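Chemist: Just one file: query-v5.pdb, with PDB, C-alpha atoms.
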MODEL        1
ATOM      1  CA  MET A   1       0.000   0.000   0.000
ATOM      2  CA  HIS A   2       2.884   2.360   0.749
ATOM      3  CA  ASP A   3       4.262   1.860  -2.761
ATOM      4  CA  LEU A   4       0.844   2.068  -4.422
ATOM      5  CA  VAL A   5       0.036   5.455  -2.887
ATOM      6  CA  TYR A   6       3.515   6.747  -3.685
ATOM      7  CA  GLU A   7       3.484   5.570  -7.309
ATOM      8  CA  GLN A   8       0.017   6.958  -8.031
ATOM      9  CA  LEU A   9       0.795  10.330  -6.483
ATOM     10  CA  ARG A  10       4.162  10.429  -8.245
ATOM     11  CA  ASP A  11       2.620   9.661 -11.627
ATOM     12  CA  ALA A  12      -0.065  12.313 -11.116
ATOM     13  CA  LEU A  13       2.535  14.926 -10.190
ATOM     14  CA  MET A  14       4.736  13.988 -13.157
ATOM     15  CA  SER A  15       1.838  14.327 -15.593
ATOM     16  CA  GLY A  16       0.912  17.783 -14.304
ATOM     17  CA  ALA A  17      -2.281  16.746 -12.545
ATOM     18  CA  PHE A  18      -1.738  19.291  -9.766
ATOM     19  CA  GLU A  19      -1.157  23.012 -10.091
ATOM     20  CA  ALA A  20       1.542  24.939  -8.236
ATOM     21  CA  ARG A  21       0.782  25.629  -4.539
ATOM     22  CA  LYS A  22      -1.796  22.828  -4.415
ATOM     23  CA  THR A  23      -1.896  21.522  -0.847
ATOM     24  CA  PHE A  24      -2.458  17.954   0.302
ATOM     25  CA  THR A  25      -3.884  16.810   3.597
ATOM     26  CA  ILE A  26      -3.196  13.351   4.914
ATOM     27  CA  ALA A  27      -6.867  12.902   5.767
ATOM     28  CA  SER A  28      -8.141  13.726   2.264
ATOM     29  CA  LEU A  29      -5.538  11.525   0.567
ATOM     30  CA  SER A  30      -6.257   8.673   2.964
ATOM     31  CA  GLU A  31      -9.900   8.896   1.987
ATOM     32  CA  ARG A  32      -9.018   9.043  -1.694
ATOM     33  CA  PHE A  33      -6.837   5.921  -1.517
ATOM     34  CA  HIS A  34      -9.008   4.127   1.037
ATOM     35  CA  THR A  35      -6.088   3.596   3.353
ATOM     36  CA  SER A  36      -4.770   4.636   6.740
ATOM     37  CA  HIS A  37      -2.707   7.771   7.329
ATOM     38  CA  MET A  38       0.632   5.951   7.479
ATOM     39  CA  PRO A  39       1.033   5.065   3.737
ATOM     40  CA  VAL A  40       0.005   8.611   2.765
ATOM     41  CA  ARG A  41       2.403  10.203   5.232
ATOM     42  CA  GLU A  42       5.246   8.033   3.932
ATOM     43  CA  ALA A  43       4.411   8.820   0.282
ATOM     44  CA  LEU A  44       4.417  12.557   0.966
ATOM     45  CA  ARG A  45       7.721  12.262   2.803
ATOM     46  CA  ARG A  46       9.306  10.390  -0.120
ATOM     47  CA  LEU A  47       8.011  12.906  -2.649
ATOM     48  CA  ALA A  48       9.298  15.789  -0.543
ATOM     49  CA  SER A  49      12.745  14.139  -0.444
ATOM     50  CA  GLU A  50      12.647  14.108  -4.264
ATOM     51  CA  ASN A  51      11.764  17.840  -4.294
ATOM     52  CA  ALA A  52       8.423  17.060  -5.938
ATOM     53  CA  LEU A  53       6.606  18.475  -2.920
ATOM     54  CA  SER A  54       7.446  20.999  -0.231
ATOM     55  CA  ILE A  55       6.493  20.825   3.429
ATOM     56  CA  SER A  56       5.321  23.953   5.249
ATOM     57  CA  ALA A  57       6.275  24.849   8.827
ATOM     58  CA  ALA A  58       2.861  23.535   9.853
ATOM     59  CA  GLY A  59       3.617  20.194   8.220
ATOM     60  CA  THR A  60       1.320  20.625   5.210
ATOM     61  CA  ALA A  61       2.577  19.184   1.920
ATOM     62  CA  TYR A  62       2.160  21.341  -1.188
ATOM     63  CA  VAL A  63       3.266  21.550  -4.807
ATOM     64  CA  PRO A  64       6.177  24.031  -5.095
ATOM     65  CA  ALA A  65       5.587  27.446  -6.620
ATOM     66  CA  ILE A  66       6.632  28.187 -10.183
ATOM     67  CA  THR A  67       9.720  30.375 -10.627
ATOM     68  CA  ALA A  68      11.700  31.335 -13.716
ATOM     69  CA  PRO A  69      15.115  30.534 -12.139
ATOM     70  CA  GLU A  70      14.019  27.022 -11.164
ATOM     71  CA  LEU A  71      12.517  26.470 -14.613
ATOM     72  CA  ARG A  72      15.838  27.407 -16.220
ATOM     73  CA  ASP A  73      17.713  25.111 -13.836
ATOM     74  CA  ILE A  74      15.424  22.138 -14.504
ATOM     75  CA  THR A  75      15.571  22.788 -18.245
ATOM     76  CA  LEU A  76      19.379  22.834 -18.246
ATOM     77  CA  ALA A  77      19.493  19.519 -16.380
ATOM     78  CA  ARG A  78      16.884  17.999 -18.695
ATOM     79  CA  MET A  79      18.758  19.047 -21.815
ATOM     80  CA  ILE A  80      21.993  17.511 -20.520
ATOM     81  CA  VAL A  81      20.520  14.234 -19.269
ATOM     82  CA  GLU A  82      17.784  13.669 -21.844
ATOM     83  CA  GLY A  83      19.894  14.769 -24.800
ATOM     84  CA  ALA A  84      22.625  12.308 -23.794
ATOM     85  CA  THR A  85      20.100   9.529 -23.183
ATOM     86  CA  ALA A  86      18.544  10.061 -26.609
ATOM     87  CA  ARG A  87      21.985   9.759 -28.223
ATOM     88  CA  ILE A  88      22.581   6.478 -26.370
ATOM     89  CA  ALA A  89      19.124   5.185 -27.270
ATOM     90  CA  GLY A  90      19.392   6.006 -30.964
ATOM     91  CA  PRO A  91      21.361   2.935 -32.146
ATOM     92  CA  ARG A  92      19.060   0.646 -30.150
ATOM     93  CA  LEU A  93      15.836   1.848 -31.766
ATOM     94  CA  THR A  94      14.324  -0.613 -34.231
ATOM     95  CA  GLU A  95      11.980  -0.269 -37.184
ATOM     96  CA  ALA A  96       9.160  -1.229 -34.825
ATOM     97  CA  ASP A  97      10.189   1.600 -32.505
ATOM     98  CA  ILE A  98      10.161   4.062 -35.385
ATOM     99  CA  ALA A  99       6.668   2.924 -36.360
ATOM    100  CA  ALA A 100       5.502   3.344 -32.754
ATOM    101  CA  LEU A 101       7.033   6.832 -32.541
ATOM    102  CA  GLU A 102       5.370   7.844 -35.810
ATOM    103  CA  GLN A 103       2.037   6.643 -34.450
ATOM    104  CA  ILE A 104       2.503   8.654 -31.255
ATOM    105  CA  LEU A 105       3.471  11.701 -33.326
ATOM    106  CA  GLU A 106       0.313  11.434 -35.403
ATOM    107  CA  HIS A 107      -1.764  11.170 -32.236
ATOM    108  CA  HIS A 108       0.032  14.240 -30.882
ATOM    109  CA  ARG A 109      -0.747  16.192 -34.057
ATOM    110  CA  ALA A 110      -4.383  15.083 -34.073
ATOM    111  CA  SER A 111      -4.750  16.094 -30.432
ATOM    112  CA  ALA A 112      -3.326  19.535 -31.215
ATOM    113  CA  SER A 113      -5.729  19.975 -34.125
ATOM    114  CA  ALA A 114      -8.624  18.958 -31.884
ATOM    115  CA  GLY A 115      -7.463  21.259 -29.094
ATOM    116  CA  ASN A 116      -7.159  18.346 -26.666
ATOM    117  CA  ASN A 117      -4.312  19.479 -24.420
ATOM    118  CA  THR A 118      -4.648  16.489 -22.055
ATOM    119  CA  GLU A 119      -3.992  14.046 -24.883
ATOM    120  CA  MET A 120      -1.175  16.262 -26.168
ATOM    121  CA  THR A 121       0.558  16.134 -22.799
ATOM    122  CA  ALA A 122       0.200  12.352 -22.634
ATOM    123  CA  ALA A 123       1.485  11.924 -26.193
ATOM    124  CA  ASN A 124       4.494  14.126 -25.516
ATOM    125  CA  ARG A 125       5.451  12.047 -22.490
ATOM    126  CA  ALA A 126       4.893   8.767 -24.346
ATOM    127  CA  PHE A 127       7.107   9.910 -27.227
ATOM    128  CA  HIS A 128      10.048  10.943 -25.077
ATOM    129  CA  PHE A 129       9.944   7.967 -22.742
ATOM    130  CA  HIS A 130       9.687   5.490 -25.611
ATOM    131  CA  ILE A 131      13.065   6.766 -26.782
ATOM    132  CA  TYR A 132      14.665   7.005 -23.339
ATOM    133  CA  ARG A 133      13.711   3.461 -22.365
ATOM    134  CA  ALA A 134      15.644   2.174 -25.382
ATOM    135  CA  ALA A 135      18.875   3.412 -23.789
ATOM    136  CA  GLY A 136      18.572   0.512 -21.355
ATOM    137  CA  SER A 137      19.814   2.490 -18.352
ATOM    138  CA  ALA A 138      17.864   2.307 -15.114
ATOM    139  CA  VAL A 139      20.048   5.046 -13.618
ATOM    140  CA  LEU A 140      19.386   7.501 -16.453
ATOM    141  CA  MET A 141      15.666   6.693 -16.418
ATOM    142  CA  SER A 142      15.553   7.403 -12.690
ATOM    143  CA  GLN A 143      17.192  10.798 -13.219
ATOM    144  CA  ILE A 144      14.845  11.662 -16.081
ATOM    145  CA  GLU A 145      11.761  10.645 -14.126
ATOM    146  CA  ASN A 146      12.857  12.823 -11.222
ATOM    147  CA  LEU A 147      13.343  15.815 -13.525
ATOM    148  CA  TRP A 148       9.894  15.273 -15.059
ATOM    149  CA  LEU A 149       8.506  14.955 -11.557
ATOM    150  CA  ARG A 150       9.924  18.350 -10.640
ATOM    151  CA  SER A 151       8.588  19.718 -13.942
ATOM    152  CA  GLY A 152       5.003  18.751 -13.047
ATOM    153  CA  PRO A 153       3.829  22.216 -11.928
ATOM    154  CA  TYR A 154       5.221  23.732 -15.132
ATOM    155  CA  VAL A 155       3.463  21.090 -17.245
ATOM    156  CA  ARG A 156       0.193  21.970 -15.502
ATOM    157  CA  PHE A 157       0.805  25.710 -15.886
ATOM    158  CA  LEU A 158       1.358  25.346 -19.627
ATOM    159  CA  SER A 159      -1.498  22.873 -20.034
ATOM    160  CA  ASP A 160      -3.924  25.316 -18.424
ATOM    161  CA  ARG A 161      -3.020  27.860 -21.116
ATOM    162  CA  MET A 162      -2.727  25.470 -24.045
ATOM    163  CA  SER A 163      -6.351  25.793 -25.149
ATOM    164  CA  GLU A 164      -5.758  29.414 -26.120
ATOM    165  CA  LEU A 165      -2.365  28.670 -27.678
ATOM    166  CA  LEU A 166      -3.920  25.989 -29.871
ATOM    167  CA  LYS A 167      -6.110  28.673 -31.430
ATOM    168  CA  THR A 168      -3.027  30.521 -32.711
ATOM    169  CA  GLU A 169      -0.467  29.842 -35.429
ATOM    170  CA  ARG A 170       1.736  28.165 -32.801
ATOM    171  CA  ARG A 171      -0.471  25.058 -33.017
ATOM    172  CA  SER A 172       1.382  23.537 -35.951
ATOM    173  CA  GLY A 173       4.809  23.941 -34.361
ATOM    174  CA  PHE A 174       4.422  21.938 -31.163
ATOM    175  CA  THR A 175       5.503  18.676 -32.820
ATOM    176  CA  ASP A 176       8.279  20.008 -35.077
ATOM    177  CA  GLN A 177      11.142  18.710 -32.948
ATOM    178  CA  HIS A 178       9.491  15.316 -32.536
ATOM    179  CA  ALA A 179       9.392  15.016 -36.330
ATOM    180  CA  ALA A 180      13.062  16.057 -36.444
ATOM    181  CA  MET A 181      13.900  13.375 -33.874
ATOM    182  CA  ILE A 182      12.266  10.688 -36.009
ATOM    183  CA  ASP A 183      14.120  11.937 -39.106
ATOM    184  CA  ALA A 184      17.409  11.741 -37.185
ATOM    185  CA  ILE A 185      16.662   8.181 -36.079
ATOM    186  CA  LYS A 186      15.866   7.130 -39.639
ATOM    187  CA  SER A 187      19.110   8.649 -40.918
ATOM    188  CA  GLY A 188      21.195   7.220 -38.072
ATOM    189  CA  ASP A 189      22.369  10.667 -36.974
ATOM    190  CA  TRP A 190      22.465  10.251 -33.212
ATOM    191  CA  ASP A 191      23.905  13.692 -32.543
ATOM    192  CA  ALA A 192      21.040  15.260 -34.509
ATOM    193  CA  LEU A 193      18.660  13.174 -32.411
ATOM    194  CA  GLY A 194      20.131  14.619 -29.218
ATOM    195  CA  VAL A 195      20.119  18.150 -30.614
ATOM    196  CA  ALA A 196      16.440  17.891 -31.616
ATOM    197  CA  CYS A 197      15.589  16.475 -28.189
ATOM    198  CA  GLU A 198      17.370  19.376 -26.485
ATOM    199  CA  ALA A 199      15.672  21.877 -28.793
ATOM    200  CA  ASP A 200      12.274  20.435 -27.890
ATOM    201  CA  ILE A 201      12.976  20.862 -24.178
ATOM    202  CA  ARG A 202      14.325  24.393 -24.690
ATOM    203  CA  ALA A 203      11.282  25.391 -26.755
ATOM    204  CA  SER A 204       8.962  24.463 -23.884
ATOM    205  CA  GLN A 205      11.084  26.524 -21.498
ATOM    206  CA  ASP A 206      11.061  29.545 -23.796
ATOM    207  CA  LEU A 207       7.291  29.370 -24.209
ATOM    208  CA  LEU A 208       6.787  29.107 -20.440
ATOM    209  CA  LEU A 209       9.119  32.034 -19.774
ATOM    210  CA  GLU A 210       7.249  34.107 -22.349
ATOM    211  CA  ILE A 211       3.906  33.348 -20.694
ATOM    212  CA  LEU A 212       5.289  34.010 -17.209
ATOM    213  CA  ALA A 213       6.702  37.364 -18.313
ATOM    214  CA  THR A 214       3.433  38.345 -19.993
ATOM    215  CA  GLU A 215       1.319  37.437 -16.970
ATOM    216  CA  ASP A 216       3.732  39.136 -14.541
ATOM    217  CA  GLY A 217       3.605  42.253 -16.697
ATOM    218  CA  ALA A 218      -0.195  42.203 -16.740
ATOM    219  CA  ARG A 219      -0.311  41.902 -12.942
ATOM    220  CA  ASP A 220       2.147  44.768 -12.528
ATOM    221  CA  ALA A 221       0.087  46.936 -14.877
ATOM    222  CA  SER A 222      -3.081  46.285 -12.900
TER     223      SER A 222
ENDMDL
END
Would it be possible to restate this file's structure as structure tokens?
Modeler:
Amino acid sequence: MHDLVYEQLRDALMSGAFEARKTFTIASLSERFHTSHMPVREALRRLASENALSISAAGTAYVPAITAPELRDITLARMIVEGATARIAGPRLTEADIAALEQILEHHRASASAGNNTEMTAANRAFHFHIYRAAGSAVLMSQIENLWLRSGPYVRFLSDRMSELLKTERRSGFTDQHAAMIDAIKSGDWDALGVACEADIRASQDLLLEILATEDGARDAS
């Protein structure tokens, strides 16, 4: 039960299910998971040790606030680790993997056209992790999962604003780097695969920073 509560909360945080500053009470989570307080308390403690959650002076667990410096720091780490992992994975990817990645890409594009940001987020994660798993490194996967875990609030922040973005000309560009990654795999250019992976991560950061700056400016003006 300890592991079940932890894994479900961890997966929800990683996928951006909770917005920044969301608080969790042991009682409410115990009710949600139909368990005693102990497994919930242990799960929150483990997630706090991974920097996925923060603990207030009163002992309340909450999703960390969004800040531009932390976003830049997480992005830098992601580009280094995920870019390298993609380069390692490249030679191990098969024709079946390429077909699976192309299918995920088409689903991603269809979700964007339909304005379904939840499916877009899921497709993006599926695409990246399909590649990373091919590297065959449990250590690298653990590092990547932790970085995605810490990225959860930013995923949610962007997802909440994606509906409006999908109405603009940006809609067609959200999958460009994924297409470039597939092209690199087909051509056997593993450095290009890593570069496209890094560019995809950087593009998300730049978009988030742009939105943060715009919203901060609007608040200052009001």
Chemist: For stretch 132-146 of chain A, list every protein, DNA or RNA residue within 8 Å, evaluated using all atoms listed in the file, and leave out those in the same chain fewer than 6 positions away; present the list as a VMD selection string.
Modeler: chain A and resid 14 50 78 81 to 82 85 to 86 88 to 90 92 to 93
Chemist: Since I can't run it myself right now, could you work out what the PyMOL selection byres ((chain A and resi 8) around 12) selects here and report it as JSON, numbers by chain?
Modeler: {"A": [1, 2, 3, 4, 5, 6, 7, 9, 10, 11, 12, 13, 14, 15, 17, 29, 32, 33, 39, 40, 43, 44, 47]}
Chemist: Which residues would end up in the selection if the PyMOL selection byres ((chain A and resi 155) around 12) were applied here, given that I need the answer as an MDAnalysis selection string?
Modeler: chainID A and resid 12:20 66 71 117:118 120:122 124:125 147:154 156:162 201 204:205 207:208
Chemist: How would you write, as a PDB file with C-alpha atoms, keeping the file's coordinate frame, the residues chosen by the PyMOL selection byres ((chain A and resi 98) around 12) on this structure?
Modeler:
ATOM      1  CA  GLY A  90      19.392   6.006 -30.964  1.00  0.00           C
ATOM      2  CA  PRO A  91      21.361   2.935 -32.146  1.00  0.00           C
ATOM      3  CA  ARG A  92      19.060   0.646 -30.150  1.00  0.00           C
ATOM      4  CA  LEU A  93      15.836   1.848 -31.766  1.00  0.00           C
ATOM      5  CA  THR A  94      14.324  -0.613 -34.231  1.00  0.00           C
ATOM      6  CA  GLU A  95      11.980  -0.269 -37.184  1.00  0.00           C
ATOM      7  CA  ALA A  96       9.160  -1.229 -34.825  1.00  0.00           C
ATOM      8  CA  ASP A  97      10.189   1.600 -32.505  1.00  0.00           C
ATOM      9  CA  ALA A  99       6.668   2.924 -36.360  1.00  0.00           C
ATOM     10  CA  ALA A 100       5.502   3.344 -32.754  1.00  0.00           C
ATOM     11  CA  LEU A 101       7.033   6.832 -32.541  1.00  0.00           C
ATOM     12  CA  GLU A 102       5.370   7.844 -35.810  1.00  0.00           C
ATOM     13  CA  GLN A 103       2.037   6.643 -34.450  1.00  0.00           C
ATOM     14  CA  ILE A 104       2.503   8.654 -31.255  1.00  0.00           C
ATOM     15  CA  LEU A 105       3.471  11.701 -33.326  1.00  0.00           C
ATOM     16  CA  PHE A 127       7.107   9.910 -27.227  1.00  0.00           C
ATOM     17  CA  HIS A 130       9.687   5.490 -25.611  1.00  0.00           C
ATOM     18  CA  ILE A 131      13.065   6.766 -26.782  1.00  0.00           C
ATOM     19  CA  ALA A 134      15.644   2.174 -25.382  1.00  0.00           C
ATOM     20  CA  HIS A 178       9.491  15.316 -32.536  1.00  0.00           C
ATOM     21  CA  ALA A 179       9.392  15.016 -36.330  1.00  0.00           C
ATOM     22  CA  MET A 181      13.900  13.375 -33.874  1.00  0.00           C
ATOM     23  CA  ILE A 182      12.266  10.688 -36.009  1.00  0.00           C
ATOM     24  CA  ASP A 183      14.120  11.937 -39.106  1.00  0.00           C
ATOM     25  CA  ALA A 184      17.409  11.741 -37.185  1.00  0.00           C
ATOM     26  CA  ILE A 185      16.662   8.181 -36.079  1.00  0.00           C
ATOM     27  CA  LYS A 186      15.866   7.130 -39.639  1.00  0.00           C
ATOM     28  CA  SER A 187      19.110   8.649 -40.918  1.00  0.00           C
ATOM     29  CA  GLY A 188      21.195   7.220 -38.072  1.00  0.00           C
TER      30      GLY A 188
END
Chemist: Ranking A:Ala180, A:Ile26, A:Val195, A:Ala68 by minimum distance to A:Ile211 and counting all atoms listed in the file, which one comes first?
Modeler: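 Answer, going by the shortest atom-to-atom distance: A:Ala68.
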Chemist: Could you jot down the atom CA of A:Ala65 to atom CA of A:Thr214 separation for me, Å, one decimal place?
Modeler: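 Separating atom CA of A:Ala65 from atom CA of A:Thr214 is a distance of 17.4 Å.
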Chemist: Would you mind telling me which residue in A:Thr67, A:Lys22, A:His108, A:Asp191 lies nearest to A:Asp176 when using all atoms listed in the file?
Modeler: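 Of the candidates, the smallest distance to A:Asp176 is held by A:His108.
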Chemist: Atom CA of A:Leu209 to atom CA of A:Ala57: how many Å, to one decimal?
Modeler: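 Calculated distance between atom CA of A:Leu209 and atom CA of A:Ala57 is 29.6 Å.
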Chemist: Please compute the atom CA of A:Arg21-atom CA of A:Lys167 distance, one decimal, in Å.
Modeler: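 Between atom CA of A:Arg21 and atom CA of A:Lys167 the gap works out to 27.9 Å.
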Chemist: Between A:Gly115, A:Pro64, A:Gly83, A:Gly173, single out the one closest to A:Ala199, counting only C-alpha atoms.
Modeler: A:Gly83
Chemist: Smallest atom-to-atom distance to A:Leu193: which of A:Phe174, A:Asn116, A:Arg87, A:Ser56, using only C-alpha atoms?
Modeler: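 The closest residue to A:Leu193 is A:Arg87.
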Chemist: Box for stretch 6-12 of chain A - axis-aligned, 4 Å on each of the six sides, all listed atoms - centre and size in Å to one decimal, as lines of an AutoDock Vina configuration file.
Modeler:
center_x = 2.0
center_y = 8.9
center_z = -7.7
size_x = 12.2
size_y = 14.7
size_z = 15.9
Chemist: Using only C-alpha atoms, which protein or nucleic acid residues come within 7 Å of stretch 23-25 of chain A? Drop anything in the same chain fewer than 5 positions from it, and give the result as a PyMOL selection string.
Modeler: chain A and resi 60-63
Chemist: In terms of the shortest atom-to-atom distance over only C-alpha atoms, which of A:Arg72, A:Glu210, A:Ala58, A:Gln177 is closest to A:Ala192?
Modeler: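 Going through A:Arg72, A:Glu210, A:Ala58, A:Gln177 one by one, the smallest distance to A:Ala192 is for A:Gln177.
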